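Asks: One structure, as structure tokens, below. Some questions next.
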Amino acid sequence: FDAVIVQVDKRSSGRVGNIVYRTGTPASNPQYPAINTVADVVEYAVAYVYVAAGASGLASAAIPMGKAAGAYVVTSVQTYQQAENIKNLGADYIIIQEKESIPEVFERLEKEGKPVNVCMDCLSGEDLGKAMPFMARGGYWVVISTLAGIETNIQLRPLLTKGLHLVGSMLRNRTPQFKAELLSKLVKDVWPKIEDGTIKPSVYKILPIEKTEEAHNLLIDGKSIGKVVLTVYHEK
């Protein structure tokens, strides 16, 4: 088989239900993605979620989304100061890499009976291969970028015995039709939670679009916490 979809009864308290195998490559079945979005998995299948790079703009939205879906959310940052800065996002556990590693925490969570079901990883690198064996049975590790490196060592035995899934997901190479469908789902399922304040993304700074270079430099500097927003018009 080429892809796996997890079907979960919403009454199952986050436990993975039936596994449905589908065949066909993206070329032969272009409308079928293995996993549409991490939000889909969070909504239907997860008790414990890991969102990498907790101080990033992406995490500033993903962490509140996970909490709104009822998940136990774990994230990671480099420093104690970053951990303090993102407390308002509501993560249940913040891995501070000055004192502990991501794999160490994954191992401890498994021993405590709280193994991670789904990872949304924009970092990847060595920690991916070291942490993945400690995931919950049937867990999904979704790679959305490789900021910490493009290589890792995967232990195949846990992948086999636990039925783990390593999935790549990139939006930019999806079809306009897929993007339109995804946007429609966001408007329907996520936007109401933003409007009523259930999900509150963190905004670091708002700049006019004429200051795009300054905004980009903020991201390159790596000290921003949350979203850097560009406005395309100015209210008088």
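Chain labels run A, B, ... following the order of the structure tokens; each chain numbers its residues from 1, and ligands are numbered from 1 in the order shown.
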Please report, as a list in words, each residue of region 162-208 of chain A to which DSSP assigns alpha helix (DSSP H) when run on this structure's backbone.
Replies: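 DSSP-assigned alpha helix (DSSP H) residues in region 162-208 of chain A: Lys162, Pro176, Gln177, Phe178, Lys179, Ala180, Glu181, Leu182, Leu183, Ser184, Lys185, Trp191, Pro192, Lys193, Ile194 and Glu195 of chain A.
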Asks: Mind writing the picked residues with C-alpha atoms as a JSON list (two decimals), in the first residue's frame?
Replies:
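The resulting file, part_7.json, is shown below:
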```json
[["chain", "number", "residue", "atom", "x", "y", "z"],
["A", 162, "LYS", "CA", 4.31, 0.03, 16.73],
["A", 176, "PRO", "CA", -5.23, 24.82, -6.55],
["A", 177, "GLN", "CA", -8.27, 22.57, -6.04],
["A", 178, "PHE", "CA", -6.75, 21.00, -2.93],
["A", 179, "LYS", "CA", -5.80, 24.41, -1.54],
["A", 180, "ALA", "CA", -9.33, 25.70, -2.16],
["A", 181, "GLU", "CA", -10.81, 22.71, -0.35],
["A", 182, "LEU", "CA", -8.41, 23.19, 2.54],
["A", 183, "LEU", "CA", -9.26, 26.89, 2.79],
["A", 184, "SER", "CA", -12.95, 26.02, 2.83],
["A", 185, "LYS", "CA", -12.39, 23.60, 5.71],
["A", 191, "TRP", "CA", -12.22, 30.36, 11.73],
["A", 192, "PRO", "CA", -15.18, 30.36, 14.15],
["A", 193, "LYS", "CA", -12.77, 29.38, 16.95],
["A", 194, "ILE", "CA", -10.54, 32.32, 16.03],
["A", 195, "GLU", "CA", -13.49, 34.71, 15.95]]
```
Asks: Give me the residues near Ile154 (chain A) as a PDB file with N, CA, C and O atoms, in the first residue's frame, where near means some atom within 12 Å (using only C-alpha atoms) and where sequence neighbours in that chain fewer than 2 positions away do not count.
Replies:
```pdb
ATOM      1  N   SER A 124      12.872  18.569  12.185  1.00  0.00           N
ATOM      2  CA  SER A 124      13.439  17.295  11.707  1.00  0.00           C
ATOM      3  C   SER A 124      14.859  17.132  12.236  1.00  0.00           C
ATOM      4  O   SER A 124      15.117  17.383  13.396  1.00  0.00           O
ATOM      5  N   GLY A 125      15.813  16.719  11.395  1.00  0.00           N
ATOM      6  CA  GLY A 125      17.172  16.526  11.868  1.00  0.00           C
ATOM      7  C   GLY A 125      17.318  15.295  12.745  1.00  0.00           C
ATOM      8  O   GLY A 125      16.478  14.402  12.742  1.00  0.00           O
ATOM      9  N   GLU A 126      18.408  15.243  13.527  1.00  0.00           N
ATOM     10  CA  GLU A 126      18.744  14.061  14.311  1.00  0.00           C
ATOM     11  C   GLU A 126      17.666  13.684  15.328  1.00  0.00           C
ATOM     12  O   GLU A 126      17.412  12.509  15.566  1.00  0.00           O
ATOM     13  N   ASP A 127      17.028  14.686  15.932  1.00  0.00           N
ATOM     14  CA  ASP A 127      16.056  14.394  16.992  1.00  0.00           C
ATOM     15  C   ASP A 127      14.863  13.591  16.489  1.00  0.00           C
ATOM     16  O   ASP A 127      14.238  12.865  17.265  1.00  0.00           O
ATOM     17  N   LEU A 128      14.536  13.731  15.222  1.00  0.00           N
ATOM     18  CA  LEU A 128      13.409  12.969  14.678  1.00  0.00           C
ATOM     19  C   LEU A 128      13.635  11.476  14.888  1.00  0.00           C
ATOM     20  O   LEU A 128      12.799  10.772  15.465  1.00  0.00           O
ATOM     21  N   GLY A 129      14.769  10.973  14.415  1.00  0.00           N
ATOM     22  CA  GLY A 129      15.054   9.549  14.528  1.00  0.00           C
ATOM     23  C   GLY A 129      15.223   9.079  15.963  1.00  0.00           C
ATOM     24  O   GLY A 129      14.877   7.944  16.298  1.00  0.00           O
ATOM     25  N   LYS A 130      15.745   9.965  16.826  1.00  0.00           N
ATOM     26  CA  LYS A 130      15.958   9.583  18.227  1.00  0.00           C
ATOM     27  C   LYS A 130      14.656   9.547  19.028  1.00  0.00           C
ATOM     28  O   LYS A 130      14.509   8.756  19.964  1.00  0.00           O
ATOM     29  N   ALA A 131      13.710  10.414  18.685  1.00  0.00           N
ATOM     30  CA  ALA A 131      12.471  10.524  19.459  1.00  0.00           C
ATOM     31  C   ALA A 131      11.351   9.617  18.952  1.00  0.00           C
ATOM     32  O   ALA A 131      10.506   9.169  19.727  1.00  0.00           O
ATOM     33  N   MET A 132      11.339   9.341  17.663  1.00  0.00           N
ATOM     34  CA  MET A 132      10.234   8.609  17.050  1.00  0.00           C
ATOM     35  C   MET A 132       9.953   7.251  17.701  1.00  0.00           C
ATOM     36  O   MET A 132       8.786   6.860  17.840  1.00  0.00           O
ATOM     37  N   PRO A 133      10.964   6.470  18.137  1.00  0.00           N
ATOM     38  CA  PRO A 133      10.680   5.171  18.742  1.00  0.00           C
ATOM     39  C   PRO A 133       9.814   5.230  19.996  1.00  0.00           C
ATOM     40  O   PRO A 133       9.225   4.216  20.393  1.00  0.00           O
ATOM     41  N   PHE A 134       9.716   6.402  20.631  1.00  0.00           N
ATOM     42  CA  PHE A 134       8.967   6.522  21.880  1.00  0.00           C
ATOM     43  C   PHE A 134       7.532   7.008  21.668  1.00  0.00           C
ATOM     44  O   PHE A 134       6.824   7.317  22.629  1.00  0.00           O
ATOM     45  N   TRP A 141       4.257  10.930  12.569  1.00  0.00           N
ATOM     46  CA  TRP A 141       5.243  12.011  12.625  1.00  0.00           C
ATOM     47  C   TRP A 141       5.170  12.730  11.286  1.00  0.00           C
ATOM     48  O   TRP A 141       5.561  12.183  10.255  1.00  0.00           O
ATOM     49  N   GLU A 151      18.888  15.074   7.420  1.00  0.00           N
ATOM     50  CA  GLU A 151      19.249  13.680   7.633  1.00  0.00           C
ATOM     51  C   GLU A 151      18.961  13.252   9.062  1.00  0.00           C
ATOM     52  O   GLU A 151      19.108  14.038  10.006  1.00  0.00           O
ATOM     53  N   THR A 152      18.564  11.994   9.206  1.00  0.00           N
ATOM     54  CA  THR A 152      18.355  11.401  10.519  1.00  0.00           C
ATOM     55  C   THR A 152      18.487   9.898  10.378  1.00  0.00           C
ATOM     56  O   THR A 152      18.430   9.356   9.269  1.00  0.00           O
ATOM     57  N   LEU A 156      14.128   1.032  12.496  1.00  0.00           N
ATOM     58  CA  LEU A 156      13.013   0.407  11.791  1.00  0.00           C
ATOM     59  C   LEU A 156      12.194  -0.524  12.673  1.00  0.00           C
ATOM     60  O   LEU A 156      11.007  -0.732  12.411  1.00  0.00           O
ATOM     61  N   ARG A 157      12.802  -1.080  13.720  1.00  0.00           N
ATOM     62  CA  ARG A 157      12.058  -2.028  14.548  1.00  0.00           C
ATOM     63  C   ARG A 157      10.842  -1.383  15.225  1.00  0.00           C
ATOM     64  O   ARG A 157       9.733  -1.921  15.146  1.00  0.00           O
ATOM     65  N   PRO A 158      10.997  -0.221  15.896  1.00  0.00           N
ATOM     66  CA  PRO A 158       9.799   0.425  16.459  1.00  0.00           C
ATOM     67  C   PRO A 158       8.788   0.836  15.395  1.00  0.00           C
ATOM     68  O   PRO A 158       7.585   0.782  15.634  1.00  0.00           O
ATOM     69  N   LEU A 159       9.295   1.242  14.228  1.00  0.00           N
ATOM     70  CA  LEU A 159       8.404   1.589  13.125  1.00  0.00           C
ATOM     71  C   LEU A 159       7.514   0.405  12.781  1.00  0.00           C
ATOM     72  O   LEU A 159       6.313   0.543  12.527  1.00  0.00           O
ATOM     73  N   LEU A 160       8.120  -0.792  12.791  1.00  0.00           N
ATOM     74  CA  LEU A 160       7.399  -2.015  12.464  1.00  0.00           C
ATOM     75  C   LEU A 160       6.474  -2.459  13.593  1.00  0.00           C
ATOM     76  O   LEU A 160       5.277  -2.692  13.387  1.00  0.00           O
ATOM     77  N   LEU A 164       4.237   2.708  13.248  1.00  0.00           N
ATOM     78  CA  LEU A 164       4.397   4.161  13.180  1.00  0.00           C
ATOM     79  C   LEU A 164       4.381   4.648  11.736  1.00  0.00           C
ATOM     80  O   LEU A 164       4.649   3.893  10.807  1.00  0.00           O
ATOM     81  N   HIS A 165       4.067   5.944  11.567  1.00  0.00           N
ATOM     82  CA  HIS A 165       3.970   6.533  10.232  1.00  0.00           C
ATOM     83  C   HIS A 165       4.830   7.788  10.162  1.00  0.00           C
ATOM     84  O   HIS A 165       4.686   8.685  10.991  1.00  0.00           O
ATOM     85  N   LEU A 166       5.719   7.833   9.181  1.00  0.00           N
ATOM     86  CA  LEU A 166       6.511   9.030   8.908  1.00  0.00           C
ATOM     87  C   LEU A 166       5.982   9.629   7.619  1.00  0.00           C
ATOM     88  O   LEU A 166       6.046   9.006   6.556  1.00  0.00           O
TER      89      LEU A 166
END
```
Asks: Tell me, in Å to one decimal, how far CA of Leu109 (chain A) is from CA of Gly226 (chain A).
Replies: 26.3 Å
Asks: So which residues touch Ile225 (chain A) within 8 Å, counting only C-alpha atoms, skipping near sequence neighbours fewer than 2 positions away, as a short mmCIF file (atom, residue, chain, number, x, y, z; two decimals) with C-alpha atoms, in the first residue's frame?
Replies:
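Everything below was put into around.cif:
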```
data_model
loop_
_atom_site.label_atom_id
_atom_site.label_comp_id
_atom_site.auth_asym_id
_atom_site.auth_seq_id
_atom_site.Cartn_x
_atom_site.Cartn_y
_atom_site.Cartn_z
CA ALA A 55 8.40 30.12 19.53
CA SER A 56 7.66 30.07 15.79
CA GLY A 57 4.75 31.77 14.09
CA GLN A 82 11.49 31.61 25.03
CA ASN A 85 7.41 34.14 26.27
CA ILE A 86 5.10 31.41 24.94
CA SER A 202 0.38 35.23 18.98
CA VAL A 203 1.36 38.31 16.95
CA TYR A 204 4.91 39.57 17.51
CA LYS A 223 14.16 36.31 18.18
CA LYS A 227 3.61 35.88 13.85
#
```
Asks: Residues of region 27-173 of chain A in strand (DSSP E or B) according to DSSP, as a list in words?
Replies: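 DSSP on the backbone gives strand (DSSP E or B) at Tyr48, Val49, Tyr50, Val51, Tyr72, Val73, Val74, Thr75, Ser76, Val77, Tyr93, Ile94, Ile95, Ile96, Val118, Cys119, Met120, Asp121, Tyr140, Trp141, Val142, Val143, His165, Leu166, Val167 and Gly168 of chain A.
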Asks: Please indicate the distance in Å from CA of Val190 (chain A) to CA of Phe106 (chain A), rounded to one decimal place.
Replies: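 Going from CA of Val190 (chain A) over to CA of Phe106 (chain A), I get 28.4 Å.
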Asks: Need to verify the contact set: Glu84 (chain A), 12 Å, only C-alpha atoms, exclusion of same-chain residues closer than 4 positions in sequence. Can you return it as an mmCIF file with C-alpha atoms, in the first residue's frame?
Replies:
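Here's the written file around-v9.cif:
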```
data_model
loop_
_atom_site.group_PDB
_atom_site.id
_atom_site.type_symbol
_atom_site.label_atom_id
_atom_site.label_comp_id
_atom_site.auth_asym_id
_atom_site.auth_seq_id
_atom_site.Cartn_x
_atom_site.Cartn_y
_atom_site.Cartn_z
ATOM 1 C CA GLY A 54 7.163 26.552 20.040
ATOM 2 C CA ALA A 55 8.397 30.116 19.527
ATOM 3 C CA SER A 76 9.925 22.751 22.368
ATOM 4 C CA VAL A 77 12.070 25.887 22.591
ATOM 5 C CA GLN A 78 15.756 26.589 22.932
ATOM 6 C CA THR A 79 15.840 28.790 26.051
ATOM 7 C CA TYR A 80 14.090 29.505 29.337
ATOM 8 C CA ASN A 88 0.263 32.337 26.990
ATOM 9 C CA LEU A 89 -0.203 29.843 24.117
ATOM 10 C CA GLY A 90 -1.311 27.222 26.629
ATOM 11 C CA ALA A 91 1.013 24.280 25.899
ATOM 12 C CA TYR A 93 4.539 20.926 28.553
ATOM 13 C CA ILE A 94 7.379 23.009 27.130
ATOM 14 C CA ILE A 95 10.655 21.234 26.403
ATOM 15 C CA ILE A 96 13.474 23.666 27.184
ATOM 16 C CA ILE A 225 7.893 35.043 19.177
#
```
Asks: Taking only C-alpha atoms into account, which of A:Glu107, A:Val142, A:Asn173, A:Val232 comes nearest Pro208 (chain A)?
Replies: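 Ranked by minimum distance to Pro208 (chain A), first place goes to A:Val232.
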Asks: Find the residues around Tyr48 (chain A) up to 12 Å (only C-alpha atoms counted), leave out those fewer than 5 positions away in its own chain, and share them as a compact mmCIF listing (two decimals) with all heavy atoms, in the first residue's frame.
Replies:
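Dumped everything to around_2.txt:
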```txt
# COMPACT_ATOMS: atom_id res chain seq x y z
N SER A 13 -12.29 8.49 22.77
CA SER A 13 -11.39 9.18 23.69
C SER A 13 -9.97 9.30 23.13
O SER A 13 -8.99 9.14 23.84
CB SER A 13 -11.35 8.45 25.04
OG SER A 13 -12.64 8.42 25.61
N GLY A 14 -9.89 9.54 21.82
CA GLY A 14 -8.59 9.78 21.22
C GLY A 14 -7.84 8.54 20.81
O GLY A 14 -6.73 8.62 20.32
N ARG A 15 -8.42 7.35 21.00
CA ARG A 15 -7.71 6.13 20.61
C ARG A 15 -7.92 5.86 19.13
O ARG A 15 -8.99 6.06 18.59
CB ARG A 15 -8.20 4.94 21.44
CG ARG A 15 -7.86 5.08 22.92
CD ARG A 15 -8.17 3.80 23.67
NE ARG A 15 -7.80 3.95 25.06
CZ ARG A 15 -6.57 3.73 25.53
NH1 ARG A 15 -5.61 3.40 24.70
NH2 ARG A 15 -6.30 3.86 26.80
N VAL A 41 -5.80 15.32 11.84
CA VAL A 41 -5.41 14.27 12.75
C VAL A 41 -5.65 14.69 14.19
O VAL A 41 -6.12 13.92 15.02
CB VAL A 41 -3.93 13.90 12.54
CG1 VAL A 41 -3.54 12.72 13.41
CG2 VAL A 41 -3.66 13.56 11.08
N VAL A 42 -5.31 15.94 14.48
CA VAL A 42 -5.53 16.45 15.84
C VAL A 42 -6.99 16.35 16.22
O VAL A 42 -7.35 15.92 17.31
CB VAL A 42 -5.06 17.92 15.95
CG1 VAL A 42 -5.54 18.54 17.24
CG2 VAL A 42 -3.54 17.99 15.88
N GLU A 43 -7.88 16.71 15.30
CA GLU A 43 -9.30 16.75 15.62
C GLU A 43 -9.86 15.38 15.90
O GLU A 43 -10.69 15.21 16.78
CB GLU A 43 -10.07 17.39 14.45
CG GLU A 43 -11.57 17.49 14.73
CD GLU A 43 -12.31 18.15 13.59
OE1 GLU A 43 -11.66 18.56 12.61
OE2 GLU A 43 -13.54 18.24 13.69
N ILE A 63 -0.44 25.44 18.44
CA ILE A 63 -0.63 25.07 19.85
C ILE A 63 -2.05 25.39 20.31
O ILE A 63 -2.74 24.52 20.87
CB ILE A 63 0.42 25.76 20.74
CG1 ILE A 63 1.81 25.19 20.44
CG2 ILE A 63 0.09 25.57 22.23
CD1 ILE A 63 2.95 25.96 21.10
N GLY A 66 -4.44 22.85 18.82
CA GLY A 66 -4.41 21.58 19.52
C GLY A 66 -5.19 21.62 20.82
O GLY A 66 -5.95 20.70 21.13
N LYS A 67 -5.02 22.70 21.58
CA LYS A 67 -5.76 22.83 22.84
C LYS A 67 -7.26 22.94 22.60
O LYS A 67 -8.06 22.38 23.34
CB LYS A 67 -5.26 24.06 23.61
CG LYS A 67 -3.83 23.97 24.11
CD LYS A 67 -3.59 22.71 24.93
CE LYS A 67 -4.49 22.65 26.16
NZ LYS A 67 -4.33 21.37 26.89
N ALA A 69 -8.85 21.53 20.32
CA ALA A 69 -9.33 20.19 19.96
C ALA A 69 -9.29 19.24 21.14
O ALA A 69 -9.66 18.08 21.01
CB ALA A 69 -8.48 19.64 18.82
N GLY A 70 -8.82 19.71 22.31
CA GLY A 70 -8.82 18.88 23.50
C GLY A 70 -7.57 18.05 23.68
O GLY A 70 -7.55 17.12 24.49
N ALA A 71 -6.50 18.35 22.94
CA ALA A 71 -5.27 17.57 23.02
C ALA A 71 -4.38 18.05 24.16
O ALA A 71 -4.45 19.20 24.59
CB ALA A 71 -4.52 17.65 21.70
N TYR A 72 -3.52 17.15 24.63
CA TYR A 72 -2.41 17.49 25.52
C TYR A 72 -1.27 17.89 24.60
O TYR A 72 -0.78 17.07 23.82
CB TYR A 72 -2.04 16.29 26.38
CG TYR A 72 -0.91 16.51 27.37
CD1 TYR A 72 -1.18 16.79 28.71
CD2 TYR A 72 0.43 16.43 26.98
CE1 TYR A 72 -0.15 16.99 29.62
CE2 TYR A 72 1.46 16.62 27.89
CZ TYR A 72 1.16 16.90 29.21
OH TYR A 72 2.18 17.08 30.12
N VAL A 73 -0.83 19.15 24.67
CA VAL A 73 0.13 19.67 23.69
C VAL A 73 1.51 19.85 24.32
O VAL A 73 1.65 20.50 25.35
CB VAL A 73 -0.36 21.01 23.10
CG1 VAL A 73 0.67 21.55 22.10
CG2 VAL A 73 -1.71 20.83 22.42
N VAL A 74 2.49 19.26 23.65
CA VAL A 74 3.90 19.41 24.03
C VAL A 74 4.58 20.22 22.94
O VAL A 74 4.32 20.04 21.75
CB VAL A 74 4.59 18.03 24.14
CG1 VAL A 74 6.06 18.19 24.52
CG2 VAL A 74 3.86 17.15 25.15
N THR A 75 5.45 21.13 23.34
CA THR A 75 6.22 21.89 22.35
C THR A 75 7.66 22.01 22.83
O THR A 75 8.00 21.54 23.93
CB THR A 75 5.60 23.27 22.10
OG1 THR A 75 6.23 23.87 20.95
CG2 THR A 75 5.75 24.20 23.29
N ALA A 91 0.45 25.63 26.00
CA ALA A 91 1.01 24.28 25.90
C ALA A 91 1.08 23.64 27.28
O ALA A 91 1.37 24.29 28.28
CB ALA A 91 2.41 24.33 25.28
N ASP A 92 0.79 22.34 27.33
CA ASP A 92 0.80 21.62 28.61
C ASP A 92 2.22 21.35 29.10
O ASP A 92 2.46 21.30 30.30
CB ASP A 92 0.04 20.31 28.46
CG ASP A 92 -1.42 20.53 28.13
OD1 ASP A 92 -2.19 20.79 29.06
OD2 ASP A 92 -1.78 20.45 26.94
N TYR A 93 3.15 21.15 28.16
CA TYR A 93 4.54 20.93 28.55
C TYR A 93 5.45 21.58 27.52
O TYR A 93 5.27 21.37 26.32
CB TYR A 93 4.86 19.43 28.66
CG TYR A 93 6.20 19.17 29.29
CD1 TYR A 93 6.33 19.08 30.67
CD2 TYR A 93 7.35 19.05 28.52
CE1 TYR A 93 7.56 18.87 31.27
CE2 TYR A 93 8.60 18.85 29.11
CZ TYR A 93 8.68 18.75 30.48
OH TYR A 93 9.91 18.56 31.08
N PHE A 106 10.35 12.62 25.14
CA PHE A 106 9.49 11.61 24.50
C PHE A 106 9.58 10.28 25.26
O PHE A 106 8.56 9.62 25.49
CB PHE A 106 9.91 11.41 23.04
CG PHE A 106 9.20 12.31 22.08
CD1 PHE A 106 9.29 13.69 22.18
CD2 PHE A 106 8.41 11.79 21.06
CE1 PHE A 106 8.63 14.53 21.29
CE2 PHE A 106 7.75 12.60 20.17
CZ PHE A 106 7.86 13.98 20.28
N LEU A 109 7.69 10.65 28.60
CA LEU A 109 6.24 10.67 28.41
C LEU A 109 5.70 9.28 28.14
O LEU A 109 4.62 8.91 28.63
CB LEU A 109 5.88 11.61 27.25
CG LEU A 109 6.03 13.11 27.51
CD1 LEU A 109 5.82 13.90 26.23
CD2 LEU A 109 5.05 13.57 28.58
N GLU A 110 6.44 8.48 27.38
CA GLU A 110 6.00 7.11 27.13
C GLU A 110 5.95 6.31 28.43
O GLU A 110 4.99 5.58 28.69
CB GLU A 110 6.92 6.43 26.13
CG GLU A 110 6.43 5.03 25.75
CD GLU A 110 7.37 4.30 24.83
OE1 GLU A 110 8.60 4.39 25.03
OE2 GLU A 110 6.89 3.62 23.91
N GLY A 113 2.95 6.94 30.51
CA GLY A 113 1.66 6.59 29.92
C GLY A 113 1.05 7.70 29.09
O GLY A 113 -0.16 7.69 28.83
N LYS A 114 1.89 8.64 28.63
CA LYS A 114 1.41 9.74 27.80
C LYS A 114 2.21 9.84 26.51
O LYS A 114 2.71 10.91 26.15
CB LYS A 114 1.50 11.06 28.58
CG LYS A 114 0.65 11.10 29.84
CD LYS A 114 0.71 12.46 30.53
CE LYS A 114 2.04 12.71 31.18
NZ LYS A 114 2.05 13.96 32.00
N PRO A 115 2.36 8.74 25.77
CA PRO A 115 3.16 8.80 24.55
C PRO A 115 2.51 9.69 23.50
O PRO A 115 1.30 9.76 23.38
CB PRO A 115 3.20 7.34 24.09
CG PRO A 115 1.93 6.75 24.62
CD PRO A 115 1.72 7.43 25.95
N VAL A 116 3.34 10.38 22.74
CA VAL A 116 2.87 11.32 21.73
C VAL A 116 2.25 10.56 20.55
O VAL A 116 2.84 9.63 20.02
CB VAL A 116 4.03 12.22 21.24
CG1 VAL A 116 3.60 13.08 20.06
CG2 VAL A 116 4.52 13.10 22.39
N ASN A 117 1.05 10.98 20.15
CA ASN A 117 0.35 10.36 19.02
C ASN A 117 0.71 11.01 17.68
O ASN A 117 0.81 10.32 16.67
CB ASN A 117 -1.17 10.47 19.19
CG ASN A 117 -1.66 9.81 20.45
OD1 ASN A 117 -1.71 10.45 21.49
ND2 ASN A 117 -2.03 8.55 20.36
N VAL A 118 0.84 12.34 17.69
CA VAL A 118 1.08 13.06 16.44
C VAL A 118 2.12 14.15 16.67
O VAL A 118 2.06 14.88 17.65
CB VAL A 118 -0.22 13.70 15.90
CG1 VAL A 118 0.09 14.67 14.76
CG2 VAL A 118 -1.18 12.64 15.41
N CYS A 119 3.09 14.23 15.75
CA CYS A 119 4.10 15.29 15.78
C CYS A 119 3.94 16.15 14.54
O CYS A 119 3.84 15.63 13.43
CB CYS A 119 5.50 14.70 15.79
SG CYS A 119 5.83 13.61 17.18
N MET A 120 3.95 17.45 14.72
CA MET A 120 4.02 18.39 13.60
C MET A 120 5.40 19.01 13.66
O MET A 120 5.69 19.84 14.52
CB MET A 120 2.94 19.46 13.70
CG MET A 120 2.89 20.35 12.47
SD MET A 120 1.58 21.59 12.53
CE MET A 120 2.27 22.76 13.69
N MET A 135 7.10 7.08 20.41
CA MET A 135 5.74 7.51 20.11
C MET A 135 4.73 6.43 20.50
O MET A 135 5.07 5.27 20.72
CB MET A 135 5.59 7.84 18.63
CG MET A 135 6.35 9.05 18.16
SD MET A 135 5.92 9.48 16.45
CE MET A 135 4.27 10.16 16.68
N ALA A 136 3.46 6.83 20.53
CA ALA A 136 2.37 5.89 20.78
C ALA A 136 2.19 4.96 19.59
O ALA A 136 2.55 5.30 18.45
CB ALA A 136 1.07 6.65 21.04
N ARG A 137 1.63 3.81 19.85
CA ARG A 137 1.35 2.86 18.77
C ARG A 137 0.46 3.52 17.72
O ARG A 137 -0.52 4.18 18.04
CB ARG A 137 0.65 1.62 19.34
CG ARG A 137 0.34 0.54 18.31
CD ARG A 137 -0.27 -0.68 18.97
NE ARG A 137 0.66 -1.28 19.92
CZ ARG A 137 1.63 -2.14 19.59
NH1 ARG A 137 1.77 -2.48 18.31
NH2 ARG A 137 2.43 -2.64 20.49
N GLY A 139 1.33 5.99 15.85
CA GLY A 139 1.56 7.43 15.81
C GLY A 139 1.99 7.94 14.45
O GLY A 139 2.54 7.21 13.63
N TYR A 140 1.74 9.23 14.23
CA TYR A 140 2.10 9.91 12.99
C TYR A 140 3.14 10.98 13.29
O TYR A 140 2.91 11.86 14.12
CB TYR A 140 0.88 10.58 12.36
CG TYR A 140 0.04 9.67 11.51
CD1 TYR A 140 -0.88 8.81 12.09
CD2 TYR A 140 0.16 9.67 10.12
CE1 TYR A 140 -1.66 7.97 11.31
CE2 TYR A 140 -0.61 8.84 9.34
CZ TYR A 140 -1.52 7.99 9.94
OH TYR A 140 -2.28 7.16 9.17
```
